[in-house]
$ cat start-v4.txt   # compact mmCIF, C-alpha atoms and all ligand atoms
# COMPACT_ATOMS: atom_id res chain seq x y z
CA MET A 143 0.00 0.00 0.00
CA PRO A 144 1.39 3.45 -0.84
CA PHE A 145 1.90 5.64 2.24
CA ARG A 146 -0.67 8.43 2.19
CA THR A 147 0.54 11.93 3.05
CA ARG A 148 -0.40 12.79 6.60
CA TYR A 149 -2.44 15.99 7.08
CA THR A 150 -0.25 18.27 9.16
CA GLY A 151 -2.30 21.42 9.49
CA LEU A 152 -3.25 24.43 7.44
CA ILE A 153 0.13 26.19 7.40
CA ASP A 154 1.71 23.17 5.73
CA ARG A 155 -1.21 22.86 3.33
CA TYR A 156 -1.29 26.53 2.29
CA ARG A 157 2.35 27.38 2.94
CA ASP A 158 2.71 29.26 -0.38
CA ARG A 159 -0.10 31.65 0.55
CA LEU A 160 0.90 32.34 4.16
CA PRO A 161 3.65 34.51 5.67
CA VAL A 162 6.04 31.73 6.72
CA HIS A 163 9.58 30.80 5.66
CA ASP A 164 10.97 27.39 4.76
CA ASP A 165 12.70 27.14 8.14
CA THR A 166 9.85 28.55 10.26
CA ARG A 167 9.03 26.25 13.18
CA ILE A 168 5.32 25.55 12.71
CA ILE A 169 3.19 25.33 15.85
CA SER A 170 0.29 23.14 14.77
CA LEU A 171 -2.30 20.80 16.21
CA GLY A 172 -3.57 19.65 12.81
CA GLU A 173 -6.17 22.43 12.53
CA GLY A 174 -8.26 23.15 9.42
CA ASN A 175 -9.55 20.66 6.85
CA THR A 176 -12.98 20.74 8.54
CA PRO A 177 -16.10 19.12 7.03
CA LEU A 178 -18.39 21.06 4.71
CA ILE A 179 -21.69 19.33 5.37
CA ARG A 180 -24.62 19.69 2.95
CA LEU A 181 -27.88 20.02 4.86
CA ASN A 182 -30.37 17.38 3.76
CA ASN A 183 -33.41 17.88 5.95
CA ILE A 184 -33.61 21.57 6.84
CA PRO A 185 -34.08 22.83 3.22
CA ARG A 186 -36.97 20.37 2.90
CA ILE A 187 -38.52 21.62 6.14
CA VAL A 188 -38.12 25.22 4.98
CA GLY A 189 -39.65 24.25 1.62
CA LYS A 190 -37.15 26.14 -0.52
CA GLU A 191 -34.83 24.97 -3.30
CA VAL A 192 -31.50 26.00 -1.85
CA ASP A 193 -28.15 24.30 -1.31
CA ILE A 194 -27.10 24.99 2.27
CA TYR A 195 -23.71 23.82 3.50
CA VAL A 196 -22.38 24.19 7.01
CA LYS A 197 -18.64 24.53 7.53
CA TYR A 198 -18.21 22.69 10.81
CA GLU A 199 -15.40 24.63 12.43
CA GLY A 200 -16.25 23.07 15.78
CA LEU A 201 -14.19 20.09 14.60
CA ASN A 202 -10.92 22.01 14.89
CA PRO A 203 -8.54 20.76 17.63
CA THR A 204 -9.84 23.05 20.39
CA GLY A 205 -13.38 23.07 19.03
CA SER A 206 -13.53 26.39 17.21
CA PHE A 207 -12.31 28.32 14.15
CA LYS A 208 -9.88 30.20 16.38
CA ASP A 209 -7.33 27.43 15.86
CA ARG A 210 -6.87 28.54 12.25
CA GLY A 211 -5.72 31.95 13.38
CA MET A 212 -3.89 30.74 16.47
CA THR A 213 -1.58 28.37 14.61
CA MET A 214 -0.37 31.37 12.56
CA ALA A 215 -0.25 33.86 15.45
CA VAL A 216 1.67 31.54 17.78
CA THR A 217 3.98 30.33 15.01
CA LYS A 218 4.93 33.94 14.26
CA ALA A 219 5.16 34.93 17.94
CA VAL A 220 7.63 32.08 18.53
CA GLU A 221 9.54 32.95 15.35
CA GLU A 222 9.87 36.52 16.60
CA GLY A 223 11.21 35.29 19.95
CA SER A 224 8.16 35.94 22.10
CA LYS A 225 7.92 33.96 25.35
CA ALA A 226 4.35 34.94 26.25
CA ILE A 227 1.07 35.66 24.51
CA ILE A 228 -2.00 37.48 25.78
CA CYS A 229 -5.61 37.83 24.69
CA ALA A 230 -9.00 39.01 25.84
CA SER A 231 -11.66 36.48 25.09
CA THR A 232 -15.28 35.44 25.26
CA GLY A 233 -13.85 31.93 25.61
CA ASN A 234 -12.79 30.36 22.33
CA THR A 235 -9.76 32.53 21.70
CA SER A 236 -8.57 31.81 25.23
CA ALA A 237 -8.99 28.05 24.70
CA ALA A 238 -7.00 28.18 21.46
CA ALA A 239 -4.32 30.50 22.87
CA ALA A 240 -3.89 28.22 25.89
CA ALA A 241 -3.57 25.08 23.75
CA TYR A 242 -1.16 26.51 21.17
CA ALA A 243 0.96 28.14 23.89
CA ALA A 244 1.19 24.73 25.60
CA ARG A 245 2.24 23.17 22.31
CA ALA A 246 4.89 25.86 21.79
CA GLY A 247 6.13 25.80 25.38
CA ILE A 248 5.35 29.46 26.08
CA THR A 249 2.99 31.19 28.53
CA ALA A 250 -0.55 32.32 27.73
CA PHE A 251 -2.34 35.02 29.72
CA VAL A 252 -6.06 35.15 29.06
CA LEU A 253 -8.52 37.81 30.22
CA ILE A 254 -12.10 36.61 30.38
CA PRO A 255 -15.34 38.27 31.53
CA ASP A 256 -16.19 36.94 34.99
CA GLY A 257 -19.10 34.48 34.82
CA LYS A 258 -19.79 35.08 31.15
CA ILE A 259 -17.91 32.34 29.35
CA ALA A 260 -19.20 28.86 28.63
CA MET A 261 -17.98 26.10 30.94
CA GLY A 262 -16.16 24.04 28.32
CA LYS A 263 -14.05 27.02 27.29
CA LEU A 264 -13.07 27.82 30.87
CA ALA A 265 -12.11 24.16 31.37
CA GLN A 266 -9.87 24.31 28.31
CA ALA A 267 -8.05 27.47 29.35
CA MET A 268 -7.45 26.03 32.82
CA MET A 269 -6.48 22.55 31.63
CA HIS A 270 -3.88 23.80 29.15
CA GLY A 271 -2.16 25.70 31.93
CA SER A 272 -2.76 29.28 30.88
CA VAL A 273 -2.94 32.07 33.43
CA VAL A 274 -6.66 32.84 33.57
CA ILE A 275 -7.46 36.37 34.67
CA GLN A 276 -11.17 36.91 35.27
CA ILE A 277 -12.16 40.56 35.04
CA LYS A 278 -15.24 42.20 36.45
CA GLY A 279 -16.13 43.57 33.06
CA ASN A 280 -16.99 42.40 29.57
CA PHE A 281 -14.90 41.42 26.53
CA ASP A 282 -14.56 45.03 25.41
CA ASP A 283 -13.05 45.99 28.78
CA GLY A 284 -10.67 43.04 28.45
CA MET A 285 -9.61 44.09 24.98
CA ARG A 286 -8.81 47.62 26.16
CA LEU A 287 -6.74 46.25 29.06
CA VAL A 288 -4.86 43.79 26.85
CA LYS A 289 -3.79 46.61 24.52
CA GLU A 290 -2.65 48.70 27.48
CA VAL A 291 -0.70 45.82 29.06
CA ALA A 292 0.97 44.82 25.78
CA ASP A 293 2.33 48.37 25.52
CA GLN A 294 4.16 47.90 28.82
CA ALA A 295 5.06 44.18 29.03
CA PRO A 296 6.84 41.69 26.71
CA VAL A 297 3.72 39.85 25.59
CA THR A 298 2.34 39.32 22.08
CA ILE A 299 -1.35 40.03 21.56
CA VAL A 300 -3.07 37.11 19.80
CA ASN A 301 -6.50 38.65 19.41
CA SER A 302 -7.57 39.18 15.80
CA ILE A 303 -5.93 42.64 15.76
CA ASN A 304 -2.82 40.50 15.29
CA PRO A 305 -2.72 40.37 11.45
CA TYR A 306 -1.39 36.80 11.39
CA ARG A 307 -4.67 35.62 12.92
CA LEU A 308 -6.65 36.66 9.84
CA GLN A 309 -4.05 35.12 7.56
CA GLY A 310 -4.68 31.76 9.19
CA GLN A 311 -8.44 32.21 9.21
CA LYS A 312 -8.62 33.08 5.49
CA THR A 313 -7.80 29.42 4.74
CA ALA A 314 -11.39 28.42 5.56
CA ALA A 315 -12.43 30.22 2.35
CA PHE A 316 -9.74 28.36 0.39
CA GLU A 317 -11.07 25.02 1.62
CA ILE A 318 -14.64 25.92 0.68
CA VAL A 319 -13.72 27.00 -2.87
CA GLU A 320 -11.62 23.88 -3.37
CA GLU A 321 -14.39 21.61 -2.15
CA LEU A 322 -17.27 23.23 -4.07
CA GLY A 323 -15.17 24.01 -7.15
CA ARG A 324 -16.33 27.62 -6.87
CA ALA A 325 -17.24 30.12 -4.18
CA PRO A 326 -20.82 29.89 -2.85
CA ASP A 327 -23.32 32.62 -3.76
CA TYR A 328 -23.73 33.62 -0.11
CA HIS A 329 -21.49 33.14 2.90
CA CYS A 330 -23.14 33.65 6.29
CA LEU A 331 -21.20 34.18 9.52
CA PRO A 332 -21.88 35.15 13.11
CA VAL A 333 -20.19 38.47 13.80
CA GLY A 334 -18.60 39.57 17.07
CA ASN A 335 -15.28 41.32 16.67
CA ALA A 336 -15.71 40.94 12.88
CA GLY A 337 -12.27 39.43 12.32
CA ASN A 338 -13.58 36.22 10.82
CA ILE A 339 -15.83 37.83 8.21
CA THR A 340 -12.85 39.97 7.20
CA ALA A 341 -10.55 36.92 7.03
CA HIS A 342 -12.98 34.99 4.84
CA TRP A 343 -13.26 37.89 2.42
CA ILE A 344 -9.47 38.12 2.17
CA GLY A 345 -9.44 34.39 1.39
CA TYR A 346 -12.12 34.58 -1.28
CA CYS A 347 -10.51 37.62 -2.88
CA GLU A 348 -7.08 36.00 -3.01
CA TYR A 349 -8.54 32.89 -4.53
CA SER A 350 -10.56 34.70 -7.18
CA SER A 351 -7.82 37.09 -8.25
CA ALA A 352 -5.51 36.60 -11.19
CA SER A 353 -3.49 39.67 -10.35
CA GLY A 354 -2.12 39.08 -6.89
CA ASP A 355 -1.97 40.90 -3.60
CA HIS A 356 -4.39 43.45 -2.19
CA VAL A 357 -7.30 42.77 -4.46
CA THR A 358 -9.69 44.26 -2.00
CA GLU A 359 -9.76 47.38 0.09
CA ALA A 360 -10.57 45.32 3.17
CA CYS A 361 -7.44 43.39 2.36
CA THR A 362 -5.30 46.36 3.38
CA PHE A 363 -6.15 44.97 6.82
CA CYS A 364 -3.67 42.16 6.14
CA LYS A 365 -0.91 44.75 6.53
CA GLY A 366 1.01 43.33 3.60
CA HIS A 367 0.89 39.69 4.59
CA CYS A 368 -1.22 38.45 1.70
CA LYS A 369 0.39 36.29 -0.90
CA TYR A 370 -1.06 35.58 -4.28
CA ALA A 371 -3.07 32.38 -4.19
CA GLY A 372 -1.67 31.26 -7.54
CA GLY A 373 -2.96 28.30 -9.52
CA ALA A 374 -6.71 28.08 -9.62
CA VAL A 375 -8.51 31.21 -10.70
CA VAL A 376 -12.10 30.68 -9.76
CA GLY A 377 -13.55 34.09 -10.41
CA ASN A 378 -16.69 34.34 -8.35
CA ARG A 379 -16.91 35.67 -4.82
CA PRO A 380 -19.84 35.34 -2.42
CA LYS A 381 -21.99 38.02 -0.91
CA MET A 382 -20.85 38.14 2.72
CA ILE A 383 -23.63 38.27 5.30
CA GLY A 384 -22.86 39.03 8.93
CA TYR A 385 -25.45 38.18 11.56
CA GLN A 386 -25.26 39.57 15.07
CA ALA A 387 -27.15 38.76 18.26
CA ALA A 388 -29.83 41.43 18.72
CA GLY A 389 -28.54 42.48 22.15
CA SER A 390 -24.99 42.85 20.81
CA ALA A 391 -25.47 44.30 17.36
CA PRO A 392 -23.30 47.40 16.86
CA PHE A 393 -23.28 46.91 13.09
CA MET A 394 -27.08 47.17 13.08
CA ARG A 395 -27.09 50.19 15.39
CA GLY A 396 -24.35 51.85 13.33
CA ALA A 397 -22.54 52.61 16.59
CA MET A 398 -20.72 50.85 19.39
CA VAL A 399 -22.89 49.20 22.07
CA ASP A 400 -21.76 49.67 25.67
CA ASP A 401 -23.69 46.92 27.44
CA PRO A 402 -23.91 43.99 25.02
CA GLU A 403 -26.04 41.06 26.17
CA THR A 404 -26.95 37.73 24.58
CA VAL A 405 -27.21 34.03 25.37
CA ALA A 406 -24.61 33.59 22.61
CA THR A 407 -21.78 34.63 24.95
CA ALA A 408 -19.10 34.08 22.29
CA ILE A 409 -20.40 37.14 20.39
CA ARG A 410 -21.29 39.28 23.40
CA ILE A 411 -19.20 42.14 22.01
CA GLY A 412 -20.21 45.78 21.67
CA HIS A 413 -17.00 47.35 20.38
CA PRO A 414 -15.82 45.24 17.41
CA GLN A 415 -12.10 45.60 16.69
CA SER A 416 -12.52 45.06 12.93
CA TRP A 417 -15.24 47.70 12.57
CA ASP A 418 -13.91 49.44 9.44
CA SER A 419 -12.85 46.32 7.56
CA ALA A 420 -16.20 44.61 8.17
CA TRP A 421 -18.05 47.57 6.61
CA LYS A 422 -15.71 47.32 3.62
CA VAL A 423 -16.41 43.60 3.30
CA LYS A 424 -20.14 44.28 3.27
CA GLU A 425 -19.76 47.02 0.62
CA GLU A 426 -17.31 45.16 -1.62
CA SER A 427 -19.19 41.87 -1.55
CA GLY A 428 -22.67 43.36 -1.90
CA GLY A 429 -23.73 41.63 1.30
CA TRP A 430 -25.47 42.89 4.42
CA PHE A 431 -25.64 42.76 8.23
CA ASP A 432 -28.67 41.63 10.17
CA GLU A 433 -29.53 40.59 13.68
CA CYS A 434 -31.18 37.56 15.30
CA THR A 435 -32.94 37.36 18.65
CA ASP A 436 -31.69 34.92 21.29
CA ALA A 437 -34.84 32.84 20.68
CA GLU A 438 -34.08 32.59 16.95
CA ILE A 439 -30.46 31.62 17.69
CA LEU A 440 -31.41 28.86 20.11
CA ALA A 441 -34.12 27.57 17.76
CA ALA A 442 -31.60 27.29 14.92
CA GLN A 443 -29.09 25.54 17.20
CA LYS A 444 -31.75 23.00 18.15
CA LEU A 445 -33.00 22.52 14.59
CA LEU A 446 -29.51 21.75 13.39
CA ALA A 447 -28.89 19.30 16.21
CA GLU A 448 -32.25 17.53 15.92
CA LYS A 449 -32.69 17.48 12.14
CA GLU A 450 -29.13 17.19 10.85
CA GLY A 451 -27.13 15.72 13.73
CA VAL A 452 -24.79 18.70 13.89
CA PHE A 453 -24.12 20.24 17.32
CA CYS A 454 -22.77 23.78 17.37
CA GLU A 455 -22.61 26.38 20.11
CA PRO A 456 -25.29 29.13 20.27
CA ALA A 457 -23.17 31.88 18.66
CA SER A 458 -22.46 29.61 15.70
CA ALA A 459 -26.15 28.98 15.08
CA THR A 460 -26.61 32.72 14.46
CA SER A 461 -25.36 32.18 10.91
CA LEU A 462 -28.02 29.59 10.18
CA ALA A 463 -30.77 31.47 12.05
CA GLY A 464 -30.19 34.54 9.90
CA ALA A 465 -29.78 32.58 6.69
CA LEU A 466 -33.05 30.68 7.22
CA ARG A 467 -34.93 33.93 7.75
CA ASP A 468 -33.42 35.48 4.61
CA ILE A 469 -34.19 32.32 2.61
CA GLN A 470 -37.77 32.35 3.81
CA THR A 471 -38.32 35.99 2.87
CA GLY A 472 -36.62 35.49 -0.51
CA LYS A 473 -33.82 37.95 0.22
CA ILE A 474 -31.59 34.93 -0.48
CA PRO A 475 -33.31 33.60 -3.63
CA GLU A 476 -34.10 29.98 -4.49
CA GLY A 477 -31.39 28.31 -6.52
CA SER A 478 -28.64 29.84 -4.36
CA SER A 479 -25.72 28.04 -2.80
CA ILE A 480 -25.11 29.14 0.76
CA VAL A 481 -22.35 28.37 3.24
CA CYS A 482 -22.98 28.99 6.93
CA THR A 483 -19.93 28.90 9.16
CA LEU A 484 -20.51 26.99 12.38
CA THR A 485 -17.77 28.63 14.38
CA GLY A 486 -17.68 26.48 17.53
CA HIS A 487 -18.69 23.06 18.86
CA GLY A 488 -21.87 22.60 20.89
CA LEU A 489 -19.95 20.81 23.66
CA LYS A 490 -18.34 24.13 24.55
CA ASP A 491 -21.55 25.20 26.24
CA PRO A 492 -23.38 22.19 27.72
CA ASP A 493 -25.32 24.33 30.20
CA THR A 494 -27.19 26.24 27.50
CA ALA A 495 -27.86 23.04 25.57
CA ILE A 496 -29.33 21.20 28.55
CA ALA A 497 -31.31 24.23 29.68
CA GLN A 498 -33.16 24.49 26.38
CA SER A 499 -33.77 20.79 25.91
CA THR A 500 -37.53 20.20 25.86
CA ARG A 501 -37.55 16.40 25.83
CA PRO A 502 -37.69 15.25 29.49
CA LEU A 503 -35.23 12.66 30.80
CA VAL A 504 -37.00 9.32 31.36
CA ASN A 505 -36.06 7.98 34.81
CA VAL A 506 -36.66 4.29 35.54
CA GLU A 507 -35.42 1.51 37.82
CA ALA A 508 -32.73 -0.76 36.31
CA LYS A 509 -35.42 -3.33 35.39
CA LEU A 510 -36.34 -4.78 31.98
CA ASP A 511 -40.08 -4.10 32.20
CA GLN A 512 -39.51 -0.45 33.09
CA VAL A 513 -37.04 0.08 30.26
CA LYS A 514 -39.42 -1.67 27.80
CA ARG A 515 -42.29 0.53 28.94
CA ALA A 516 -40.14 3.64 28.49
CA ILE A 517 -39.33 2.58 24.92
CA LEU A 518 -42.92 1.69 23.98
CA ASP A 519 -44.26 4.93 25.46
CA ASN A 520 -41.83 6.94 23.37
CA MET A 521 -41.98 5.09 20.03
N1 LIG B 601 -18.50 32.45 16.90
C1 LIG B 601 -17.79 32.02 17.96
C2 LIG B 601 -18.07 30.66 18.49
C3 LIG B 601 -16.80 32.86 18.52
O1 LIG B 601 -16.10 32.41 19.57
C4 LIG B 601 -16.59 34.15 17.99
C5 LIG B 601 -15.61 35.05 18.59
C6 LIG B 601 -17.36 34.53 16.88
C7 LIG B 601 -18.30 33.66 16.37
C8 LIG B 601 -17.20 35.86 16.24
O2 LIG B 601 -16.06 35.93 15.46
O3 LIG B 601 -15.11 37.93 16.52
O4 LIG B 601 -14.23 37.10 14.35
O5 LIG B 601 -16.47 38.18 14.49
N2 LIG B 601 -15.04 34.82 19.68
C9 LIG B 601 -13.94 35.62 20.24
C10 LIG B 601 -13.33 34.92 21.43
C11 LIG B 601 -14.28 37.02 20.46
O6 LIG B 601 -12.78 35.58 22.32
O7 LIG B 601 -13.36 33.69 21.48
P1 LIG B 601 -15.41 37.38 15.17

$ encode --input "start-v4.txt" --output "structure tokens"
Amino acid sequence: MPFRTRYTGLIDRYRDRLPVHDDTRIISLGEGNTPLIRLNNIPRIVGKEVDIYVKYEGLNPTGSFKDRGMTMAVTKAVEEGSKAIICASTGNTSAAAAAYAARAGITAFVLIPDGKIAMGKLAQAMMHGSVVIQIKGNFDDGMRLVKEVADQAPVTIVNSINPYRLQGQKTAAFEIVEELGRAPDYHCLPVGNAGNITAHWIGYCEYSSASGDHVTEACTFCKGHCKYAGGAVVGNRPKMIGYQAAGSAPFMRGAMVDDPETVATAIRIGHPQSWDSAWKVKEESGGWFDECTDAEILAAQKLLAEKEGVFCEPASATSLAGALRDIQTGKIPEGSSIVCTLTGHGLKDPDTAIAQSTRPLVNVEAKLDQVKRAILDNM
């Protein structure tokens, strides 16, 4: 049997399009290469002729898309001699920073909002040995403090204001184009800090361009780190649609929000760091922003779990919740291909999942007749 090439992570796979050198020590946990799952049952339930795919980013090593950016950010931090990284986080960035710092043998400091991150994410940050600093404030307070600290201490910021993060995250768009053979018509994402929507647009633009770097205004955000995708010239680019939680929707308000609130704690952000670039992405792609209520978000999370067998965290379901509404109203027309990014795994937040479960647990004695009765009653 020929020996198949082992998948060794997205930097190795897309080395020619990322800012690394031949001798760069790559810090990887095998991130990327996540499934693009075509929804079978939900389009039928909605009664519309659409192709909906979900990009299941929850299957990255630490359970979220953050690993794509973190492999790049930590690789570059180590290359530049940094011994410590720092981030503010609603949970997933801290989990990824902690894991990749452990892998690299450096220290991670993570600032999280006290009591407002999902249990699985807290467990990850603690288990990987990062220094967890809980602040009596929200993500936006944490972000401000991280910037202030990094000015005064030898620590590298690995939030998405670090341009290497977006370089790693753009590879999700490469994978989608390669798998579908073209870009989708619409790409829907949950938006918090707005780094990921920016990263995807950079990826689509690089892939569709025959001419090379900086094909998009938003791409100036890459601060010169783009490299021409080369090879395949696909041509089309999707309309980018960013959905926010209604209680944390600065892009809908057209202004920063000081007290963001939502059950989708991952996107409980009122002062997005990538404010300008996200507006450019919307303009350039011909897309739009919209908002979803917490009830809509949880309903979409449940629908996906019950009808397709895919378990994502609440924030992630915002992309599908918004897409389903826009499909139903015809804003996304029939015949379209749509990709919804599912940014994080459902196991990150078991409390919210169990709390919204409507099917009661069936409690019985450990006896055959009682188990049989429970089965017959629920057939
Ligand atoms: N979905 C999940 C599950 C997230 O964790 C985040 C961001 C987003 C969506 C939004 O992505 O910020 O690029 O627009 N989480 C960050 C964190 C803020 O700290 O883990 P964005």

$ residues_around --input "start-v4.txt" --residues "A:Asn304" --least-positions-apart "4" --cutoff "10 Å" --atoms "only C-alpha atoms" --output "compact mmCIF listing (two decimals) with C-alpha atoms, keeping the file's coordinate frame"
# COMPACT_ATOMS: atom_id res chain seq x y z
CA GLY A 211 -5.72 31.95 13.38
CA MET A 212 -3.89 30.74 16.47
CA MET A 214 -0.37 31.37 12.56
CA ALA A 215 -0.25 33.86 15.45
CA THR A 298 2.34 39.32 22.08
CA ILE A 299 -1.35 40.03 21.56
CA VAL A 300 -3.07 37.11 19.80
CA LEU A 308 -6.65 36.66 9.84
CA GLN A 309 -4.05 35.12 7.56
CA GLY A 337 -12.27 39.43 12.32
CA CYS A 364 -3.67 42.16 6.14
CA LYS A 365 -0.91 44.75 6.53

$ residues_near_ligand --input "start-v4.txt" --ligand "ligand LIG 601 (chain B)" --cutoff "8 Å" --atoms "all atoms listed in the file" --output "ChimeraX atom specification"
/A:206-208,229-237,281,301-302,331-340,408-411,414,455-458,484-487

$ write_last_selection --input "start-v4.txt" --atoms "C-alpha atoms" --output "short mmCIF file (atom, residue, chain, number, x, y, z; two decimals), in the frame of the given file"
data_model
loop_
_atom_site.label_atom_id
_atom_site.label_comp_id
_atom_site.auth_asym_id
_atom_site.auth_seq_id
_atom_site.Cartn_x
_atom_site.Cartn_y
_atom_site.Cartn_z
CA SER A 206 -13.53 26.39 17.21
CA PHE A 207 -12.31 28.32 14.15
CA LYS A 208 -9.88 30.20 16.38
CA CYS A 229 -5.61 37.83 24.69
CA ALA A 230 -9.00 39.01 25.84
CA SER A 231 -11.66 36.48 25.09
CA THR A 232 -15.28 35.44 25.26
CA GLY A 233 -13.85 31.93 25.61
CA ASN A 234 -12.79 30.36 22.33
CA THR A 235 -9.76 32.53 21.70
CA SER A 236 -8.57 31.81 25.23
CA ALA A 237 -8.99 28.05 24.70
CA PHE A 281 -14.90 41.42 26.53
CA ASN A 301 -6.50 38.65 19.41
CA SER A 302 -7.57 39.18 15.80
CA LEU A 331 -21.20 34.18 9.52
CA PRO A 332 -21.88 35.15 13.11
CA VAL A 333 -20.19 38.47 13.80
CA GLY A 334 -18.60 39.57 17.07
CA ASN A 335 -15.28 41.32 16.67
CA ALA A 336 -15.71 40.94 12.88
CA GLY A 337 -12.27 39.43 12.32
CA ASN A 338 -13.58 36.22 10.82
CA ILE A 339 -15.83 37.83 8.21
CA THR A 340 -12.85 39.97 7.20
CA ALA A 408 -19.10 34.08 22.29
CA ILE A 409 -20.40 37.14 20.39
CA ARG A 410 -21.29 39.28 23.40
CA ILE A 411 -19.20 42.14 22.01
CA PRO A 414 -15.82 45.24 17.41
CA GLU A 455 -22.61 26.38 20.11
CA PRO A 456 -25.29 29.13 20.27
CA ALA A 457 -23.17 31.88 18.66
CA SER A 458 -22.46 29.61 15.70
CA LEU A 484 -20.51 26.99 12.38
CA THR A 485 -17.77 28.63 14.38
CA GLY A 486 -17.68 26.48 17.53
CA HIS A 487 -18.69 23.06 18.86
#

$ closest_residue --input "start-v4.txt" --among "A:Glu321, A:Asp164, A:Glu191, A:Glu433" --to "A:Ile474" --atoms "all atoms listed in the file"
A:Glu191

$ atom_distance --input "start-v4.txt" --atom1 "atom CA of A:Trp430" --atom2 "atom CA of A:Gly464"
11.0 Å

$ closest_residue --input "start-v4.txt" --among "A:Pro255, A:Gly384, A:Gly271, A:Pro185" --to "A:Leu287" --atoms "only C-alpha atoms"
A:Pro255

$ atom_distance --input "start-v4.txt" --atom1 "atom CA of A:Ser427" --atom2 "atom CA of A:Leu160"
23.0 Å

$ atom_distance --input "start-v4.txt" --atom1 "atom CA of A:Gly429" --atom2 "atom CA of A:Val399"
22.1 Å
